[in-house]
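File shown: entry_6.tsv. Contents: TSV, C-alpha atoms and all ligand atoms.
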chain	number	residue	atom	x	y	z
H	1042	MET	CA	-53.52	13.94	-3.73
H	1043	SER	CA	-52.77	17.18	-5.56
H	1044	LEU	CA	-50.44	16.67	-8.50
H	1045	THR	CA	-49.54	19.58	-10.68
H	1046	TYR	CA	-46.21	18.75	-12.32
H	1047	GLU	CA	-45.33	16.84	-15.44
H	1048	SER	CA	-41.91	15.83	-14.17
H	1049	PRO	CA	-40.93	15.39	-10.53
H	1050	GLY	CA	-38.69	17.88	-8.73
H	1051	ARG	CA	-35.20	17.01	-7.53
H	1052	ALA	CA	-36.14	16.95	-3.86
H	1053	ALA	CA	-39.00	14.53	-4.65
H	1054	LEU	CA	-36.63	12.28	-6.60
H	1055	HIS	CA	-34.16	12.37	-3.69
H	1056	LEU	CA	-36.94	11.34	-1.28
H	1057	ALA	CA	-38.32	8.65	-3.60
H	1058	ARG	CA	-34.84	7.21	-4.06
H	1059	ALA	CA	-34.31	7.03	-0.30
H	1060	ALA	CA	-37.80	5.59	0.31
H	1061	SER	CA	-37.29	2.86	-2.29
H	1062	LEU	CA	-34.24	1.53	-0.44
H	1063	ALA	CA	-36.51	0.21	2.31
H	1064	PRO	CA	-36.98	-3.55	2.70
H	1065	SER	CA	-40.27	-5.10	1.58
H	1066	PRO	CA	-41.68	-8.63	1.60
H	1067	HIS	CA	-39.95	-10.47	-1.26
H	1068	ASN	CA	-38.92	-7.10	-2.66
H	1069	SER	CA	-42.53	-6.46	-3.72
H	1070	GLN	CA	-41.99	-2.67	-3.22
H	1071	PRO	CA	-45.68	-2.18	-2.33
H	1072	TRP	CA	-45.60	1.62	-2.50
H	1073	PHE	CA	-45.85	4.68	-4.61
H	1074	PHE	CA	-45.08	8.27	-3.75
H	1075	ALA	CA	-46.35	11.68	-4.79
H	1076	GLU	CA	-44.94	15.16	-4.69
H	1077	GLU	CA	-47.37	17.82	-3.42
H	1078	GLY	CA	-46.62	20.97	-5.38
H	1079	HIS	CA	-43.32	22.81	-5.02
H	1080	ASP	CA	-41.79	21.69	-1.70
H	1081	HIS	CA	-45.19	21.39	-0.03
H	1082	GLY	CA	-44.77	17.81	0.93
H	1083	PHE	CA	-44.29	14.22	-0.08
H	1084	GLU	CA	-46.89	11.47	0.10
H	1085	VAL	CA	-46.42	7.78	0.88
H	1086	HIS	CA	-49.10	5.43	-0.48
H	1087	THR	CA	-49.40	1.69	-0.45
H	1088	GLY	CA	-49.99	0.11	-3.85
H	1089	GLY	CA	-47.66	-0.75	-6.67
H	1090	ARG	CA	-47.36	-3.64	-9.04
H	1091	GLN	CA	-46.96	-6.77	-6.95
H	1092	ARG	CA	-49.58	-7.73	-4.39
H	1093	MET	CA	-48.90	-10.61	-2.01
H	1094	THR	CA	-52.53	-11.71	-1.81
H	1095	VAL	CA	-51.76	-15.18	-0.44
H	1096	THR	CA	-48.91	-14.35	1.93
H	1097	ASP	CA	-50.27	-11.03	3.14
H	1098	PRO	CA	-54.04	-10.83	2.44
H	1099	GLY	CA	-54.66	-8.05	5.00
H	1100	GLY	CA	-51.74	-5.97	3.74
H	1101	ARG	CA	-50.04	-5.84	7.16
H	1102	GLU	CA	-46.56	-6.60	5.82
H	1103	ALA	CA	-47.04	-4.18	2.91
H	1104	VAL	CA	-47.87	-1.36	5.36
H	1105	ILE	CA	-44.83	-2.29	7.50
H	1106	ALA	CA	-42.67	-1.99	4.37
H	1107	CYS	CA	-44.22	1.42	3.64
H	1108	GLY	CA	-43.49	2.43	7.25
H	1109	ALA	CA	-39.84	1.52	6.63
H	1110	ALA	CA	-39.92	3.64	3.44
H	1111	LEU	CA	-41.46	6.48	5.47
H	1112	PHE	CA	-38.59	6.31	7.96
H	1113	ASN	CA	-36.14	6.67	5.06
H	1114	VAL	CA	-38.12	9.70	3.84
H	1115	ARG	CA	-37.83	11.28	7.30
H	1116	ILE	CA	-34.07	10.75	7.27
H	1117	ALA	CA	-33.80	12.07	3.71
H	1118	VAL	CA	-35.80	15.23	4.57
H	1119	GLY	CA	-33.35	15.75	7.44
H	1120	ARG	CA	-30.48	15.50	4.97
H	1121	LEU	CA	-32.08	18.37	3.02
H	1122	GLY	CA	-31.76	20.45	6.19
H	1123	PHE	CA	-35.35	20.34	7.50
H	1124	ARG	CA	-37.20	18.60	10.29
H	1125	PRO	CA	-39.80	16.26	8.78
H	1126	ALA	CA	-43.42	16.94	9.80
H	1127	VAL	CA	-45.24	13.61	9.54
H	1128	ASP	CA	-48.98	13.15	9.38
H	1129	LEU	CA	-49.99	9.47	9.53
H	1130	LEU	CA	-53.12	8.31	7.66
H	1131	PRO	CA	-54.00	11.91	6.73
H	1132	GLU	CA	-57.20	11.12	4.84
H	1133	PRO	CA	-59.54	8.85	6.82
H	1134	GLY	CA	-61.45	7.86	3.67
H	1135	ASP	CA	-58.30	6.70	1.86
H	1136	SER	CA	-56.61	3.87	3.74
H	1137	ALA	CA	-53.94	3.50	1.04
H	1138	PHE	CA	-52.73	7.06	1.69
H	1139	LEU	CA	-50.39	6.24	4.58
H	1140	ALA	CA	-48.49	9.41	5.32
H	1141	ARG	CA	-47.78	12.96	4.32
H	1142	VAL	CA	-44.32	14.34	5.12
H	1143	GLY	CA	-43.87	18.10	5.13
H	1144	TYR	CA	-40.82	20.30	5.61
H	1145	ALA	CA	-40.84	21.89	9.09
H	1146	ALA	CA	-38.24	24.23	10.60
H	1147	HIS	CA	-34.67	24.21	9.38
H	1148	ALA	CA	-32.58	21.94	11.63
H	1149	PRO	CA	-29.08	20.45	11.62
H	1150	VAL	CA	-28.84	16.68	11.11
H	1151	ALA	CA	-28.43	14.81	14.43
H	1152	PRO	CA	-25.37	12.49	14.59
H	1153	ASP	CA	-27.47	9.29	14.75
H	1154	GLU	CA	-29.49	10.44	11.72
H	1155	ALA	CA	-26.31	11.11	9.75
H	1156	LEU	CA	-25.10	7.62	10.68
H	1157	MET	CA	-28.36	6.04	9.53
H	1158	ALA	CA	-28.42	8.06	6.30
H	1159	ARG	CA	-24.96	6.77	5.41
H	1160	ALA	CA	-26.00	3.17	6.15
H	1161	MET	CA	-29.11	3.37	3.93
H	1162	PRO	CA	-27.53	2.23	0.62
H	1163	TRP	CA	-25.58	-0.65	2.10
H	1164	ARG	CA	-28.14	-2.13	4.46
H	1165	HIS	CA	-29.14	-5.43	2.89
H	1166	THR	CA	-31.18	-8.41	4.04
H	1167	HIS	CA	-28.99	-11.31	5.11
H	1168	ARG	CA	-29.87	-14.99	4.63
H	1169	GLY	CA	-28.07	-18.02	6.06
H	1170	LEU	CA	-25.52	-18.14	8.89
H	1171	PHE	CA	-23.75	-15.11	10.33
H	1172	GLY	CA	-20.11	-14.66	11.31
H	1173	PRO	CA	-19.14	-16.05	14.73
H	1174	ASP	CA	-18.88	-12.77	16.69
H	1175	PRO	CA	-21.93	-12.03	18.86
H	1176	VAL	CA	-23.82	-8.75	18.61
H	1177	ALA	CA	-22.61	-6.48	21.42
H	1178	ASP	CA	-25.02	-6.06	24.35
H	1179	THR	CA	-24.54	-2.29	24.22
H	1180	LEU	CA	-25.69	-2.26	20.59
H	1181	LEU	CA	-28.73	-4.41	21.49
H	1182	ASP	CA	-29.61	-1.89	24.22
H	1183	ASP	CA	-29.37	0.94	21.68
H	1184	LEU	CA	-31.54	-0.97	19.21
H	1185	ARG	CA	-34.21	-1.50	21.89
H	1186	ASP	CA	-34.16	2.25	22.57
H	1187	HIS	CA	-34.50	3.05	18.86
H	1188	ALA	CA	-37.52	0.73	18.52
H	1189	ARG	CA	-39.12	2.23	21.64
H	1190	ALA	CA	-38.64	5.75	20.29
H	1191	GLU	CA	-40.91	4.74	17.36
H	1192	GLY	CA	-43.58	3.17	19.60
H	1193	ALA	CA	-42.55	-0.49	19.19
H	1194	VAL	CA	-40.83	-3.09	21.36
H	1195	LEU	CA	-37.72	-4.97	20.21
H	1196	GLN	CA	-37.48	-8.09	22.33
H	1197	VAL	CA	-34.34	-10.24	22.24
H	1198	VAL	CA	-35.36	-13.88	22.53
H	1199	ASP	CA	-32.52	-15.66	24.26
H	1200	GLY	CA	-34.03	-18.13	26.74
H	1201	PRO	CA	-33.65	-21.69	25.37
H	1202	GLU	CA	-37.34	-22.58	25.79
H	1203	LYS	CA	-38.67	-19.51	24.00
H	1204	LEU	CA	-36.06	-19.87	21.29
H	1205	ARG	CA	-37.06	-23.50	20.73
H	1206	LEU	CA	-40.74	-22.53	20.59
H	1207	LEU	CA	-40.05	-19.70	18.15
H	1208	ALA	CA	-37.92	-21.97	15.95
H	1209	ASP	CA	-40.72	-24.57	15.97
H	1210	LEU	CA	-43.34	-21.99	14.98
H	1211	VAL	CA	-41.17	-20.73	12.11
H	1212	ARG	CA	-40.58	-24.33	11.02
H	1213	VAL	CA	-44.28	-25.25	11.10
H	1214	ALA	CA	-45.21	-22.11	9.14
H	1215	GLU	CA	-42.47	-22.65	6.59
H	1216	ASN	CA	-43.56	-26.26	6.04
H	1217	VAL	CA	-47.20	-25.17	5.65
H	1218	HIS	CA	-46.09	-22.62	3.02
H	1219	ARG	CA	-43.96	-25.20	1.21
H	1220	SER	CA	-46.88	-27.66	1.00
H	1221	ASP	CA	-49.30	-25.09	-0.38
H	1222	PRO	CA	-49.12	-24.89	-4.19
H	1223	VAL	CA	-50.83	-21.48	-4.26
H	1224	HIS	CA	-48.33	-20.05	-1.82
H	1225	ARG	CA	-45.46	-21.66	-3.71
H	1226	ALA	CA	-46.67	-20.10	-6.96
H	1227	GLU	CA	-46.82	-16.64	-5.35
H	1228	LEU	CA	-43.30	-17.01	-3.96
H	1229	THR	CA	-41.94	-18.25	-7.29
H	1230	ARG	CA	-43.39	-15.15	-9.00
H	1231	CYS	CA	-41.28	-13.02	-6.62
H	1232	VAL	CA	-37.99	-14.57	-7.67
H	1233	GLY	CA	-36.12	-12.85	-10.44
H	1234	PRO	CA	-34.39	-9.65	-11.42
H	1235	TYR	CA	-37.35	-7.44	-10.32
H	1236	GLY	CA	-38.04	-9.29	-7.05
H	1237	VAL	CA	-35.63	-11.41	-5.04
H	1238	PRO	CA	-32.72	-12.21	-7.38
H	1239	VAL	CA	-31.64	-15.86	-7.59
H	1240	GLU	CA	-28.10	-14.91	-6.44
H	1241	VAL	CA	-29.34	-13.83	-2.99
H	1242	CYS	CA	-31.02	-17.21	-2.39
H	1243	GLY	CA	-27.78	-19.22	-2.39
H	1244	HIS	CA	-28.12	-20.49	1.19
H	1245	HIS	CA	-30.06	-23.68	1.82
H	1246	PRO	CA	-33.13	-22.51	3.81
H	1247	ASP	CA	-32.83	-25.36	6.34
H	1248	ARG	CA	-29.31	-24.63	7.53
H	1249	THR	CA	-30.32	-22.07	10.13
H	1250	LEU	CA	-32.13	-22.71	13.40
H	1251	LEU	CA	-34.96	-20.48	12.19
H	1252	ALA	CA	-36.06	-21.88	8.82
H	1253	GLY	CA	-35.46	-19.66	5.84
H	1254	ARG	CA	-37.93	-18.92	3.07
H	1255	ASP	CA	-37.56	-21.54	0.31
H	1256	TYR	CA	-37.50	-19.11	-2.63
H	1257	LEU	CA	-36.03	-21.62	-5.09
H	1258	GLY	CA	-38.15	-24.61	-4.07
H	1259	VAL	CA	-35.09	-26.69	-3.14
H	1260	ALA	CA	-36.20	-27.93	0.31
H	1261	LEU	CA	-38.59	-30.56	1.64
H	1262	PRO	CA	-42.04	-29.60	2.98
H	1263	SER	CA	-41.44	-31.99	5.92
H	1264	ALA	CA	-38.03	-30.68	7.00
H	1265	ARG	CA	-37.21	-30.50	10.72
H	1266	ARG	CA	-35.34	-27.79	12.51
H	1267	PRO	CA	-31.63	-28.49	13.19
H	1268	ARG	CA	-31.17	-29.92	16.69
H	1269	ARG	CA	-28.00	-28.06	17.50
H	1270	TRP	CA	-27.98	-24.36	18.17
H	1271	SER	CA	-25.20	-22.68	16.23
H	1272	PRO	CA	-23.77	-19.42	17.60
H	1273	ARG	CA	-23.71	-18.35	13.95
H	1274	THR	CA	-27.53	-18.16	14.08
H	1275	GLY	CA	-27.05	-14.65	15.47
H	1276	THR	CA	-29.33	-12.87	17.94
H	1277	VAL	CA	-33.03	-13.59	17.55
H	1278	ALA	CA	-35.38	-10.66	18.12
H	1279	VAL	CA	-39.10	-9.98	17.72
H	1280	LEU	CA	-40.49	-6.54	17.02
H	1281	SER	CA	-43.98	-6.09	18.47
H	1282	THR	CA	-46.60	-3.43	19.22
H	1283	HIS	CA	-49.33	-3.04	21.84
H	1284	CYS	CA	-52.13	-2.74	19.25
H	1285	ASP	CA	-52.54	-4.06	15.73
H	1286	GLY	CA	-54.11	-1.39	13.48
H	1287	ARG	CA	-52.74	0.36	10.44
H	1288	GLN	CA	-51.06	3.04	12.59
H	1289	ASP	CA	-49.29	0.30	14.54
H	1290	TRP	CA	-48.08	-1.35	11.33
H	1291	LEU	CA	-46.75	2.00	10.15
H	1292	ARG	CA	-45.02	2.50	13.51
H	1293	SER	CA	-43.57	-1.02	13.29
H	1294	GLY	CA	-42.16	-0.28	9.85
H	1295	GLN	CA	-40.52	2.93	11.04
H	1296	ALA	CA	-39.13	1.14	14.11
H	1297	LEU	CA	-37.94	-1.72	11.91
H	1298	GLN	CA	-36.03	0.54	9.57
H	1299	ARG	CA	-34.59	2.60	12.42
H	1300	VAL	CA	-33.30	-0.63	14.00
H	1301	LEU	CA	-31.99	-2.01	10.70
H	1302	LEU	CA	-30.15	1.20	9.77
H	1303	TYR	CA	-28.63	1.74	13.19
H	1304	ALA	CA	-27.53	-1.92	13.24
H	1305	ALA	CA	-26.09	-1.68	9.70
H	1306	ALA	CA	-24.19	1.45	10.71
H	1307	HIS	CA	-22.52	-0.80	13.30
H	1308	HIS	CA	-21.84	-3.59	10.78
H	1309	VAL	CA	-24.74	-5.76	11.94
H	1310	MET	CA	-27.25	-7.02	9.36
H	1311	ALA	CA	-30.62	-8.72	9.76
H	1312	ALA	CA	-32.31	-11.84	8.40
H	1313	PHE	CA	-36.13	-11.99	8.33
H	1314	HIS	CA	-38.22	-15.01	9.43
H	1315	THR	CA	-41.78	-13.72	9.24
H	1316	GLN	CA	-43.48	-16.97	8.14
H	1317	PRO	CA	-45.51	-17.67	11.36
H	1318	LEU	CA	-46.84	-14.10	11.35
H	1319	GLU	CA	-48.60	-14.91	8.07
H	1320	LEU	CA	-50.73	-17.68	9.65
H	1321	PRO	CA	-53.24	-16.31	12.22
H	1322	VAL	CA	-53.16	-19.34	14.54
H	1323	LEU	CA	-49.36	-19.35	14.77
H	1324	ARG	CA	-49.18	-15.58	15.16
H	1325	ALA	CA	-51.67	-15.81	18.05
H	1326	GLU	CA	-49.55	-18.52	19.70
H	1327	LEU	CA	-46.42	-16.40	19.34
H	1328	ARG	CA	-48.29	-13.47	20.84
H	1329	THR	CA	-49.30	-15.38	23.97
H	1330	GLN	CA	-46.16	-17.50	24.40
H	1331	VAL	CA	-43.36	-15.14	23.35
H	1332	THR	CA	-44.32	-11.46	23.25
H	1333	GLY	CA	-46.42	-11.28	26.42
H	1334	GLY	CA	-49.65	-10.27	24.67
H	1335	ARG	CA	-48.10	-7.69	22.34
H	1336	PHE	CA	-48.73	-8.18	18.62
H	1337	PRO	CA	-45.67	-9.65	16.89
H	1338	GLN	CA	-44.91	-7.73	13.68
H	1339	VAL	CA	-41.46	-8.90	12.49
H	1340	ILE	CA	-39.08	-11.72	13.46
H	1341	LEU	CA	-35.39	-11.09	12.88
H	1342	ARG	CA	-31.96	-12.59	13.39
H	1343	LEU	CA	-29.20	-10.03	13.85
H	1344	GLY	CA	-25.50	-10.72	13.31
H	1345	HIS	CA	-22.27	-9.87	11.58
H	1346	ALA	CA	-22.59	-10.74	7.90
H	1347	THR	CA	-19.55	-12.02	6.08
H	1348	ARG	CA	-21.13	-11.08	2.75
H	1349	THR	CA	-24.25	-9.21	1.65
H	1350	TRP	CA	-26.06	-8.89	-1.65
H	1351	SER	CA	-27.92	-5.88	-2.91
H	1352	THR	CA	-31.36	-6.27	-4.46
H	1353	PRO	CA	-32.51	-4.00	-7.30
H	1354	ARG	CA	-35.30	-1.45	-7.00
H	1355	ARG	CA	-37.65	0.21	-9.45
H	1356	PRO	CA	-36.15	3.58	-10.41
H	1357	PRO	CA	-37.51	6.64	-8.53
H	1358	VAL	CA	-39.33	8.02	-11.58
H	1359	GLU	CA	-41.36	4.81	-11.76
H	1360	VAL	CA	-42.56	5.06	-8.16
H	1361	LEU	CA	-43.38	8.77	-8.21
H	1362	ALA	CA	-46.94	9.54	-9.28
H	1363	ARG	CA	-47.36	12.39	-11.75
H	1364	GLU	CA	-50.47	14.10	-12.97
H	1365	GLY	CA	-52.38	11.70	-15.15
H	1366	VAL	CA	-49.65	9.08	-14.83
H	1367	PRO	CA	-50.21	6.85	-11.82
H	1368	ALA	CA	-47.08	5.13	-10.47
H	1369	GLY	CA	-46.74	1.40	-9.98
H	1401	LIG	C1	-42.38	-7.29	6.41
H	1401	LIG	C2	-41.22	-7.98	5.74
H	1401	LIG	C3	-41.15	-9.36	5.74
H	1401	LIG	C4	-40.06	-10.02	5.16
H	1401	LIG	N1	-40.00	-11.41	5.23
H	1401	LIG	C5	-38.92	-12.04	4.73
H	1401	LIG	C6	-38.75	-13.46	4.89
H	1401	LIG	O1	-39.59	-14.13	5.50
H	1401	LIG	N2	-37.66	-14.04	4.36
H	1401	LIG	C7	-36.68	-13.32	3.73
H	1401	LIG	O2	-35.69	-13.89	3.29
H	1401	LIG	N3	-36.79	-11.97	3.58
H	1401	LIG	C8	-37.87	-11.33	4.08
H	1401	LIG	N4	-37.96	-9.97	3.97
H	1401	LIG	C9	-36.85	-9.22	3.35
H	1401	LIG	C10	-37.11	-8.95	1.87
H	1401	LIG	O3	-37.02	-10.11	1.12
H	1401	LIG	C11	-36.09	-7.89	1.40
H	1401	LIG	O4	-36.31	-6.70	2.12
H	1401	LIG	C12	-36.21	-7.58	-0.09
H	1401	LIG	O5	-35.87	-8.70	-0.85
H	1401	LIG	C13	-35.30	-6.41	-0.49
H	1401	LIG	O6	-33.96	-6.70	-0.19
H	1401	LIG	P1	-33.07	-5.82	0.79
H	1401	LIG	O7	-33.73	-5.84	2.15
H	1401	LIG	O8	-31.73	-6.52	0.80
H	1401	LIG	O9	-32.97	-4.45	0.26
H	1401	LIG	C14	-39.04	-9.28	4.54
H	1401	LIG	C15	-39.12	-7.88	4.52
H	1401	LIG	C16	-40.19	-7.23	5.12
H	1401	LIG	C17	-40.23	-5.72	5.14
Could you write out this file's structure as structure tokens?
Amino acid sequence: MSLTYESPGRAALHLARAASLAPSPHNSQPWFFAEEGHDHGFEVHTGGRQRMTVTDPGGREAVIACGAALFNVRIAVGRLGFRPAVDLLPEPGDSAFLARVGYAAHAPVAPDEALMARAMPWRHTHRGLFGPDPVADTLLDDLRDHARAEGAVLQVVDGPEKLRLLADLVRVAENVHRSDPVHRAELTRCVGPYGVPVEVCGHHPDRTLLAGRDYLGVALPSARRPRRWSPRTGTVAVLSTHCDGRQDWLRSGQALQRVLLYAAAHHVMAAFHTQPLELPVLRAELRTQVTGGRFPQVILRLGHATRTWSTPRRPPVEVLAREGVPAG
């Protein structure tokens, strides 16, 4: 990392602002960024204040979140009029240094990129039931293509047996988390104005077919999944990759954000149900039974949200490293 400026440049602030709008597990914002000299490039690092050592000991979800932030940086560089030149894991000895983004040739913004850039500030995580209208098949096809373009697979899970299995795995994982005091304590620490605000947790976590995260500790650790499938569950989808290294997590994050932004641009939001991916035995079962051997990275429900809530972020100056002043 080569830092030479006391205060960050405007382009760097623009990129940090865009990057920070990415989703992250429990809004932990596990990243910091650095500007490389005047317009030389922008760095994405994993780190930051809040570590999810119980939920995410290997840092897989944190790297996925940073991959989502990286996708936003790519879109934001495009908005400045340049093609982004991305170098993943540029320093083999520094696994926290995830990507360097440079400014390549001048290029006009592609229509899809303009669409996604506009959706960036109003994409929000949904929780609870969706509106009754199904997600259009044509949009689902487009979302699959967007995931594939980033090297990931977005699989819609719609067969009743696989859906039931997935719902059971989410339920088992959620109940394991609820019964574990250490996990509960970590989740409780994430609730509040600088994590997941109380207002966004208004839905009872057991009302949806896929169990929700019990942020407020209001549900039973022995809850069962609802028997009836509600069309307001939305479309269930799993994002997966063929391998499971750091590069694949970064690719998953970029694919995730590309899918989320394109969906949001078409008025479709996503709810996350990643609990079984945090328990190795359940993740392995999902891999063999649902994703055909690919590594599941994120579990989503997609649907039309009747209402969304925004979640605050640390300001860009706090997440941009400066000489002698580390971010985070
Ligand atoms: C890898 C990953 C896993 C997540 N898992 C969950 C989850 O299990 N439950 C949930 O409600 N939100 C989950 N989220 C969403 C975050 O809580 C959300 O992104 C964060 O609170 C910021 O809010 P926003 O997405 O509305 O900007 C996850 C996000 C990421 C990137």
task: Could you tell me, counting only C-alpha atoms and all ligand atoms, which protein and nucleic acid residues lie no more than 6 Å from ligand LIG 1401 (chain H), written as a list in words?
output: Pro1064, Ser1065, Pro1066, His1067, Asn1068, Glu1102, Ile1105, Ala1106, His1165, Thr1166, Val1237, Arg1254, Phe1313, His1314, Thr1315, Gln1316, Ser1351 and Thr1352 of chain H
- request: List the neighbours of segment 1143-1149 of chain H out to 7 Å using all atoms listed in the file; skip same-chain residues closer than 2 positions along the sequence, and give me the result as JSON, numbers by chain.
  value: {"H": [1081, 1082, 1083, 1122, 1123, 1124, 1125, 1126, 1127, 1141, 1151]}
query: Excluding same-chain residues fewer than 3 positions from Asp1209 of chain H, what lies within 9 Å of it counting only C-alpha atoms, as a PyMOL selection string?
result: chain H and resi 1204-1206+1212-1214+1251-1252+1265-1266
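Relative to atom CA of Leu1323 of chain H, atom CA of Arg1342 of chain H is found at 18.7 Å.
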Contacts of segment 1225-1230 of chain H within 8 Å, only C-alpha atoms, excl. fewer than 2 positions in-chain, as a list in words: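 Result of the neighbour search: His1067, Met1093, Val1095, Thr1096, His1218, Arg1219, Ser1220, Asp1221, Pro1222, Val1223, Val1232, Gly1233, Tyr1256, Leu1257 and Gly1258 of chain H.
Taking atom CA of Val1211 of chain H and atom CA of Val1279 of chain H as endpoints, the distance between them is 12.3 Å.
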message: Report, in Å to a single decimal, how far apart atom CA of Trp1072 of chain H and atom CA of Val1358 of chain H are.
response: 12.8 Å
Need the axis-aligned box for segment 1253-1268 of chain H with 4 Å each side, so what are the centre and edges in Å to one decimal, as lines of an AutoDock Vina configuration file?
center_x = -36.6
center_y = -25.5
center_z = 5.8
size_x = 18.9
size_y = 21.1
size_z = 29.8
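The closest residue to Arg1273 of chain H, picked from H:Glu1215, H:Glu1202, H:Glu1076, H:Asp1174 and counting only C-alpha atoms, is H:Asp1174.
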